[in-house]
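Everything below belongs to start.pdb, which stores PDB, C-alpha atoms.
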```pdb
ATOM      1  CA  MET A   1     132.709 164.067  89.815
ATOM      2  CA  LYS A   2     134.426 160.698  90.242
ATOM      3  CA  THR A   3     136.345 161.227  87.022
ATOM      4  CA  ILE A   4     137.580 164.655  88.099
ATOM      5  CA  LEU A   5     138.670 163.312  91.497
ATOM      6  CA  ASN A   6     140.397 160.371  89.813
ATOM      7  CA  LEU A   7     142.283 162.660  87.422
ATOM      8  CA  ILE A   8     143.473 164.910  90.254
ATOM      9  CA  TRP A   9     144.340 161.797  92.289
ATOM     10  CA  LEU A  10     146.275 160.342  89.348
ATOM     11  CA  VAL A  11     148.457 163.433  89.050
ATOM     12  CA  LEU A  12     149.024 164.100  92.760
ATOM     13  CA  SER A  13     149.476 160.610  94.178
ATOM     14  CA  GLY A  14     147.906 157.762  92.200
ATOM     15  CA  PHE A  15     150.666 157.353  89.639
ATOM     16  CA  TRP A  16     153.414 157.256  92.280
ATOM     17  CA  LEU A  17     151.505 154.816  94.460
ATOM     18  CA  PHE A  18     150.853 152.646  91.407
ATOM     19  CA  LEU A  19     154.585 152.570  90.690
ATOM     20  CA  GLY A  20     155.221 151.454  94.281
ATOM     21  CA  TYR A  21     152.726 148.611  93.949
ATOM     22  CA  LEU A  22     154.171 147.694  90.545
ATOM     23  CA  LEU A  23     157.683 147.510  91.995
ATOM     24  CA  ALA A  24     156.460 145.424  94.936
ATOM     25  CA  GLY A  25     154.597 143.090  92.574
ATOM     26  CA  LEU A  26     157.627 142.621  90.334
ATOM     27  CA  LEU A  27     159.909 141.902  93.291
ATOM     28  CA  LEU A  28     157.421 139.457  94.779
ATOM     29  CA  CYS A  29     156.986 137.626  91.460
ATOM     30  CA  VAL A  30     160.697 136.776  91.322
ATOM     31  CA  THR A  31     160.014 133.515  93.139
ATOM     32  CA  VAL A  32     157.238 131.030  92.436
ATOM     33  CA  ILE A  33     156.073 131.268  96.053
ATOM     34  CA  GLY A  34     155.778 135.055  95.765
ATOM     35  CA  ILE A  35     153.594 135.083  92.630
ATOM     36  CA  PRO A  36     150.246 135.194  94.516
ATOM     37  CA  PHE A  37     151.593 138.153  96.504
ATOM     38  CA  GLY A  38     152.724 139.851  93.302
ATOM     39  CA  VAL A  39     149.302 139.381  91.722
ATOM     40  CA  ALA A  40     147.714 140.938  94.831
ATOM     41  CA  ALA A  41     150.109 143.886  94.539
ATOM     42  CA  PHE A  42     149.174 144.420  90.883
ATOM     43  CA  ARG A  43     145.461 144.214  91.703
ATOM     44  CA  ILE A  44     145.706 146.780  94.486
ATOM     45  CA  GLY A  45     148.034 148.933  92.399
ATOM     46  CA  VAL A  46     145.334 149.350  89.756
ATOM     47  CA  TYR A  47     142.871 150.214  92.522
ATOM     48  CA  ALA A  48     145.334 152.776  93.931
ATOM     49  CA  LEU A  49     145.731 154.257  90.453
ATOM     50  CA  TRP A  50     141.995 155.013  89.985
ATOM     51  CA  PRO A  51     140.192 154.534  93.363
ATOM     52  CA  PHE A  52     137.118 156.759  93.181
ATOM     53  CA  GLY A  53     134.076 154.770  92.123
ATOM     54  CA  TYR A  54     135.414 151.545  93.653
ATOM     55  CA  THR A  55     135.556 150.050  97.119
ATOM     56  CA  THR A  56     136.706 146.849  98.753
ATOM     57  CA  VAL A  57     134.545 144.253 100.436
ATOM     58  CA  GLU A  58     135.479 141.168 102.395
ATOM     59  CA  ARG A  59     135.165 137.878 100.589
ATOM     60  CA  ARG A  60     132.990 135.482 102.539
ATOM     61  CA  ASP A  61     134.916 132.460 101.304
ATOM     62  CA  ALA A  62     138.357 133.761 102.374
ATOM     63  CA  GLY A  63     138.702 132.089 105.775
ATOM     64  CA  ALA A  64     141.747 131.517 107.967
ATOM     65  CA  PRO A  65     144.296 130.881 105.182
ATOM     66  CA  SER A  66     143.897 134.446 103.916
ATOM     67  CA  PHE A  67     144.649 135.729 107.423
ATOM     68  CA  LEU A  68     147.881 133.731 107.569
ATOM     69  CA  VAL A  69     148.923 134.842 104.094
ATOM     70  CA  ASN A  70     148.122 138.459 105.032
ATOM     71  CA  VAL A  71     150.624 138.206 107.887
ATOM     72  CA  VAL A  72     153.313 137.189 105.386
ATOM     73  CA  TRP A  73     152.203 140.019 103.071
ATOM     74  CA  LEU A  74     152.457 142.502 105.946
ATOM     75  CA  ILE A  75     156.074 141.494 106.535
ATOM     76  CA  LEU A  76     157.105 141.413 102.863
ATOM     77  CA  ALA A  77     155.397 144.464 101.398
ATOM     78  CA  GLY A  78     152.389 145.716 103.329
ATOM     79  CA  TRP A  79     154.111 147.885 105.899
ATOM     80  CA  TRP A  80     156.094 149.990 103.429
ATOM     81  CA  LEU A  81     153.171 150.352 101.013
ATOM     82  CA  ALA A  82     151.061 151.557 103.951
ATOM     83  CA  LEU A  83     153.860 153.964 104.859
ATOM     84  CA  GLY A  84     153.639 155.378 101.321
ATOM     85  CA  HIS A  85     149.914 155.974 101.816
ATOM     86  CA  ILE A  86     150.519 157.639 105.183
ATOM     87  CA  LEU A  87     153.192 159.996 103.855
ATOM     88  CA  THR A  88     151.219 160.847 100.726
ATOM     89  CA  GLY A  89     148.050 161.369 102.767
ATOM     90  CA  ILE A  90     149.781 163.747 105.151
ATOM     91  CA  ALA A  91     151.320 165.701 102.259
ATOM     92  CA  LEU A  92     147.933 166.018 100.553
ATOM     93  CA  CYS A  93     146.188 167.136 103.755
ATOM     94  CA  VAL A  94     148.490 170.155 104.004
ATOM     95  CA  THR A  95     146.392 171.922 101.377
ATOM     96  CA  ILE A  96     142.653 172.440 101.580
ATOM     97  CA  ILE A  97     142.088 171.047  98.075
ATOM     98  CA  GLY A  98     144.113 167.939  98.892
ATOM     99  CA  ILE A  99     142.205 166.978 102.071
ATOM    100  CA  PRO A 100     139.676 164.666 100.314
ATOM    101  CA  LEU A 101     142.552 162.974  98.509
ATOM    102  CA  GLY A 102     144.501 162.631 101.737
ATOM    103  CA  ILE A 103     141.512 161.010 103.401
ATOM    104  CA  ALA A 104     141.219 158.630 100.440
ATOM    105  CA  ASN A 105     144.886 157.721 100.976
ATOM    106  CA  PHE A 106     144.209 156.950 104.619
ATOM    107  CA  LYS A 107     141.282 154.715 103.585
ATOM    108  CA  LEU A 108     143.656 152.680 101.407
ATOM    109  CA  ILE A 109     145.943 151.839 104.346
ATOM    110  CA  PRO A 110     143.968 148.798 105.590
ATOM    111  CA  VAL A 111     143.840 147.399 102.055
ATOM    112  CA  SER A 112     147.579 147.870 101.621
ATOM    113  CA  LEU A 113     148.243 146.106 104.928
ATOM    114  CA  PHE A 114     145.848 143.166 104.495
ATOM    115  CA  PRO A 115     144.776 142.790 100.827
ATOM    116  CA  LEU A 116     144.062 139.078 100.626
ATOM    117  CA  GLY A 117     140.491 138.051 101.335
ATOM    118  CA  ARG A 118     139.171 141.320  99.904
ATOM    119  CA  GLU A 119     137.538 142.032  96.566
ATOM    120  CA  ILE A 120     137.493 145.325  94.669
ATOM    121  CA  VAL A 121     134.001 146.223  93.421
ATOM    122  CA  ARG A 122     132.363 149.240  91.809
ATOM    123  CA  THR A 123     130.478 151.457  94.246
ATOM    124  CA  ASP A 124     127.478 151.720  91.934
ATOM    125  CA  ARG A 125     127.115 147.930  91.896
ATOM    126  CA  SER A 126     124.681 146.580  94.451
ATOM    127  CA  PHE A 127     126.141 144.242  97.047
ATOM    128  CA  THR A 128     123.149 141.950  96.597
ATOM    129  CA  GLN A 129     124.145 141.384  92.975
ATOM    130  CA  ARG A 130     127.393 139.694  94.016
ATOM    131  CA  GLY A 131     126.943 136.025  93.567
TER     132      GLY A 131
END
```
Show me the file's structure as C-alpha cells.
Amino acid sequence: MKTILNLIWLVLSGFWLFLGYLLAGLLLCVTVIGIPFGVAAFRIGVYALWPFGYTTVERRDAGAPSFLVNVVWLILAGWWLALGHILTGIALCVTIIGIPLGIANFKLIPVSLFPLGREIVRTDRSFTQRG
C-alpha cells in the first residue's frame, strides 16, 4: 500500500515539491555558510519525494544550536517551502481521492519549517533500535 501511495504522491505532488527543495538547496549552497542549509533541503526533498513509509523524529543531541539555525532556515527557505505544502495540500483535498495525500502534505509543514534537529527514519524500524 505504501508503494501505491508513494507512486500517486510522486505524480500529483512529490515531484514538484522535490523540485522546490532542490532549487532551495542549490540556491543555499551558493555560499559556504549556506551549505548546511542546502544539505538539509536536499535531505528533506528526498523525503518529500517518497514520504510514505518514513517519518521524522527529534534528535536528542540537537540542542539549542539547532533551534537558532532553524530560525535562520525559516527566514531563508522554510516559509515558502511550507507555503508550497499548504497550497498543494489544499489542492489535493479538493478531491476525495486526494484527501490522504493532502493530509500528508500538511504533516510535512513542520518539517519544512524547522528541519534541523530532526532525523528521517523508516516507520517499520523500531525507535528502540536507534542508537
Translate the PyMOL selection byres ((chain A and resi 23-29) around 10) into a concrete residue list for this structure, as a CSV table (one decimal) with C-alpha atoms, in the coordinates of the input.
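result_14.csv, freshly written:
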```
chain,number,residue,atom,x,y,z
A,17,LEU,CA,151.5,154.8,94.5
A,18,PHE,CA,150.9,152.6,91.4
A,19,LEU,CA,154.6,152.6,90.7
A,20,GLY,CA,155.2,151.5,94.3
A,21,TYR,CA,152.7,148.6,93.9
A,22,LEU,CA,154.2,147.7,90.5
A,30,VAL,CA,160.7,136.8,91.3
A,31,THR,CA,160.0,133.5,93.1
A,32,VAL,CA,157.2,131.0,92.4
A,33,ILE,CA,156.1,131.3,96.1
A,34,GLY,CA,155.8,135.1,95.8
A,35,ILE,CA,153.6,135.1,92.6
A,36,PRO,CA,150.2,135.2,94.5
A,37,PHE,CA,151.6,138.2,96.5
A,38,GLY,CA,152.7,139.9,93.3
A,39,VAL,CA,149.3,139.4,91.7
A,40,ALA,CA,147.7,140.9,94.8
A,41,ALA,CA,150.1,143.9,94.5
A,42,PHE,CA,149.2,144.4,90.9
A,43,ARG,CA,145.5,144.2,91.7
A,44,ILE,CA,145.7,146.8,94.5
A,45,GLY,CA,148.0,148.9,92.4
A,73,TRP,CA,152.2,140.0,103.1
A,76,LEU,CA,157.1,141.4,102.9
A,77,ALA,CA,155.4,144.5,101.4
A,78,GLY,CA,152.4,145.7,103.3
A,80,TRP,CA,156.1,150.0,103.4
A,81,LEU,CA,153.2,150.4,101.0
```
>> I'd like the neighbourhood of Asn70 (chain A) as a list in words, where a residue qualifies if any of its atoms comes within 12 Å (using only C-alpha atoms), though same-chain residues fewer than 2 positions away should be ignored.
In response: Pro36, Phe37, Ala40, Ala41, Ala62, Gly63, Ala64, Pro65, Ser66, Phe67, Leu68, Val72, Trp73, Leu74, Ile75, Leu76, Ala77, Gly78, Trp79, Pro110, Val111, Ser112, Leu113, Phe114, Pro115, Leu116, Gly117 and Arg118 of chain A
>> If I take CA of Ala48 (chain A) and CA of Ala82 (chain A), how far is one from the other in Å, to one decimal?
In response: 11.6 Å
Check what the PyMOL selection byres ((chain A and resi 14) around 12) selects in the file above and give those residues as a compact mmCIF listing (two decimals) with C-alpha atoms, in the frame of the given file.
```
# COMPACT_ATOMS: atom_id res chain seq x y z
CA LEU A 5 138.67 163.31 91.50
CA ASN A 6 140.40 160.37 89.81
CA LEU A 7 142.28 162.66 87.42
CA ILE A 8 143.47 164.91 90.25
CA TRP A 9 144.34 161.80 92.29
CA LEU A 10 146.28 160.34 89.35
CA VAL A 11 148.46 163.43 89.05
CA LEU A 12 149.02 164.10 92.76
CA SER A 13 149.48 160.61 94.18
CA PHE A 15 150.67 157.35 89.64
CA TRP A 16 153.41 157.26 92.28
CA LEU A 17 151.50 154.82 94.46
CA PHE A 18 150.85 152.65 91.41
CA LEU A 19 154.58 152.57 90.69
CA GLY A 20 155.22 151.45 94.28
CA TYR A 21 152.73 148.61 93.95
CA LEU A 22 154.17 147.69 90.54
CA ILE A 44 145.71 146.78 94.49
CA GLY A 45 148.03 148.93 92.40
CA VAL A 46 145.33 149.35 89.76
CA TYR A 47 142.87 150.21 92.52
CA ALA A 48 145.33 152.78 93.93
CA LEU A 49 145.73 154.26 90.45
CA TRP A 50 142.00 155.01 89.98
CA PRO A 51 140.19 154.53 93.36
CA PHE A 52 137.12 156.76 93.18
CA GLY A 84 153.64 155.38 101.32
CA HIS A 85 149.91 155.97 101.82
CA THR A 88 151.22 160.85 100.73
CA GLY A 89 148.05 161.37 102.77
CA LEU A 92 147.93 166.02 100.55
CA LEU A 101 142.55 162.97 98.51
CA GLY A 102 144.50 162.63 101.74
CA ALA A 104 141.22 158.63 100.44
CA ASN A 105 144.89 157.72 100.98
CA LEU A 108 143.66 152.68 101.41
```
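We find CA of Val121 (chain A) and CA of Gly53 (chain A) to be spaced 8.6 Å apart.
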> Which distance in Å separates CA of Asp61 (chain A) and CA of Thr123 (chain A), to one decimal?
Replying inline: 20.7 Å
> Any idea what's packed within 8 Å of Glu119 (chain A), counting all atoms listed in the file, ignoring anything in its chain fewer than 4 positions away? Could you give it as a PyMOL selection string?
Replying inline: chain A and resi 56-59
